[in-house]
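Here's the structure we're looking at; comments come further down.
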Amino acid sequence: MKAKSGLCQVLLALMLMSVPPNVLAQAQSAAFDLVITHGHIIDGTGSPWYSGDVGIRDGKIAAIGNLASAPRKRTIDAAGKVVAPGFIDMLGQSELTILVDPRLPSKIYQGITSEITGEGNSIAPLNDAIIQSDRSGYEHFKITPDWRTLRQYFVRLEKQGMGINLASYVGATQVRRMVLGDDDKQPTPAQLEQMQALVREAMKDGAAGVSTSLEYAPAPYAKTDELIALATEAGKSGGIYATHMRNESDSVLEAIDEALRIGREAHIPVEIWHIKVAGKNNWGRMPEVVARINAARAAGADVSADTYAYTAWYNGFSAFIPPWAHDGGDAKLVERLKDPVTRARVRKDLQTPSKDWDNEWQEIPGPDAIMIGAVENPRFVPLLGKRLSEIAKLWNKDPMDALFDFLIEDPSAEVAVFGMSQPDVTLALQQPWVAIDNDSEGTSPEGILGQAHPHPRAYGTFPRVLAKYVREEKVLTLEDAIRKFSALPAQRMRLTDRGVLKAGMWADVVIFDPATVHDRATFDNPNQLSDGMDYVLVNGVPVIDQGKMTGALPGKVLRGAGYVP
């Protein structure tokens, strides 16, 4: 034993002699760019807080411990505050608005440092037909779509700079539109191979996986086998299958079963976006949903979910119209709503409960449960924030006719829909496999983005969880909430160098007072930034400093496992 010990000491001495003295000295005395002192460190794993200093160098966490004597360029005193990993938004929708205001104030004031986006309709791939079809959206934001692939879009982002990190799925709807357009038809074997090739290429470009948004046309036209084929391609590259399921109301269990089947047959993990049970007739069914997913996990299925923890969802106003009426795109939808015979058929469908499609009209308590959120027709700007019942009265029409006539003039309008129960929302939030999503694009109270009337979740989701569900109602612990914001989504998205405060990880860090952090956005007045984030660091650079936005753009593109440089 002594001989071995002596040999080790000799070898260690020889190794140290081989390192130039100046290198050793530099390693021991190199200054940190920033040291955060005296904070309560909640590291993201769910463990209780501990005390310590966090030293940051070159954008990464270089050390955690007692760094009182370590040289540094700057010190942040976090006494009485929580120091935690930056928050990861599991469904962010900012792919266009990040080109309008790359700082994304609504996100960073919540503590969000990374976002995953691309819900069914991803930012790419693109062709001329899709650009023409979606022209009004690009014109609304004054954006020129000068990319055609995810790789080209990411290059544009990196050249511009961005306030947060961003990853994107490739949308199954997007690749369907590339090959089949907006029509209700099934792909030939050759066309399906074209779609699979687009997914393969997107994964090489850095997509995080493949996604679906099966409630919104033309997505409902896709059969399960088509989705399995696309998800299989993403799975081969280490991707995720993320889904806004085909149904979140009467047939929610069947929709979960479809998602599980896709995951099982495509050999790919499944993420269920904004898990919910929608519609008054389904209130109280969340225990069934939880039981179905727990049973699948117990049987070995890699399935998880996320939530924004409000009782209203937000989607296109046209989602109230049955899928068949969307065949061919918005122009065809408008034609059908103008035709009295077809319009009567749409009306009859809305009045008839159905398991074949997610009939939101059947899910709402009444037209007062629909609030106008975003419009592209300037004439409708005065209607932002008004309920459908108010508009019907203003126009002297019945609510359904008001809906149809509104869509004729603005088929891209978006609405908030009040259709969930609080106990169901709370139960979903409490599940250990449920992370957090905003399900809203990054926005700002100023400029063109401030002209919309978004769901308050756009500004308030993460602070609201901390204020309402942790501090006030105590249905989550602070450590649980932080895990749902950081380590859990990082684990799901395979972000192995983010999501936890640990040496060697990228320094995405938030500092806040858990006793005062809160959301301010409401349904009536949503364009209000959240309060309480004293510091938000993205890759070691403050984007919020002493409660104020710095304008820094240190974000990075987060590319998936299949990325080929």
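Note on naming: chains are A, B, ... as they come in the structure tokens, residues start from 1 per chain, ligands start from 1 in the order shown.
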Practice item. Write out as a PyMOL selection string the residues lying within 8 Å of stretch 295-311 of chain A, counting only C-alpha atoms and excluding same-chain residues fewer than 3 positions away. Key: chain A and resi 90+260+263-264+268-276+291-292+418-422+425-426+428-429+433-439+457+461+465
Exercise for review: Excluding A:Asn315 and residues on its chain fewer than 4 positions from it, collect all residues at most 8 Å away from it, counting only C-alpha atoms, and give them as a PyMOL selection string.
Suggested key: chain A and resi 319+414-417
Show which residues sit within 12 Å of A:Lys332, as a CSV table (one decimal) with C-alpha atoms, in the first residue's frame. Count only C-alpha atoms, and ignore same-chain residues fewer than 6 positions away.
```csv
chain,number,residue,atom,x,y,z
A,133,SER,CA,-50.8,31.8,-48.3
A,182,ASP,CA,-53.7,23.1,-47.5
A,183,ASP,CA,-56.0,20.5,-49.1
A,184,ASP,CA,-57.8,17.7,-47.4
A,323,PRO,CA,-62.0,21.0,-40.4
A,324,TRP,CA,-63.8,20.2,-43.7
A,325,ALA,CA,-64.6,23.9,-44.1
A,326,HIS,CA,-60.9,24.8,-44.0
A,338,LYS,CA,-70.1,33.7,-47.6
A,339,ASP,CA,-72.2,31.0,-49.3
A,342,THR,CA,-72.4,26.1,-46.9
A,407,LEU,CA,-63.8,35.4,-39.9
A,408,ILE,CA,-64.8,36.6,-43.4
A,411,PRO,CA,-59.6,34.7,-40.9
```
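Atom to atom, atom CA of A:Gly55 and atom CA of A:Leu104 stand 26.4 Å apart.
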Study note, to complete from the structure: Expressed in Å, the length from atom CA of A:Ala344 to atom CA of A:Phe406 is 16.0 Å
Check your understanding: Which residue out of A:Pro526, A:Pro565, A:Pro445, A:Gly137 has the minimum interatomic distance to A:Glu376 when only C-alpha atoms are used?
Key -> A:Gly137
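Atom CA of A:Pro220 is positioned 16.0 Å from atom CA of A:Asp257.
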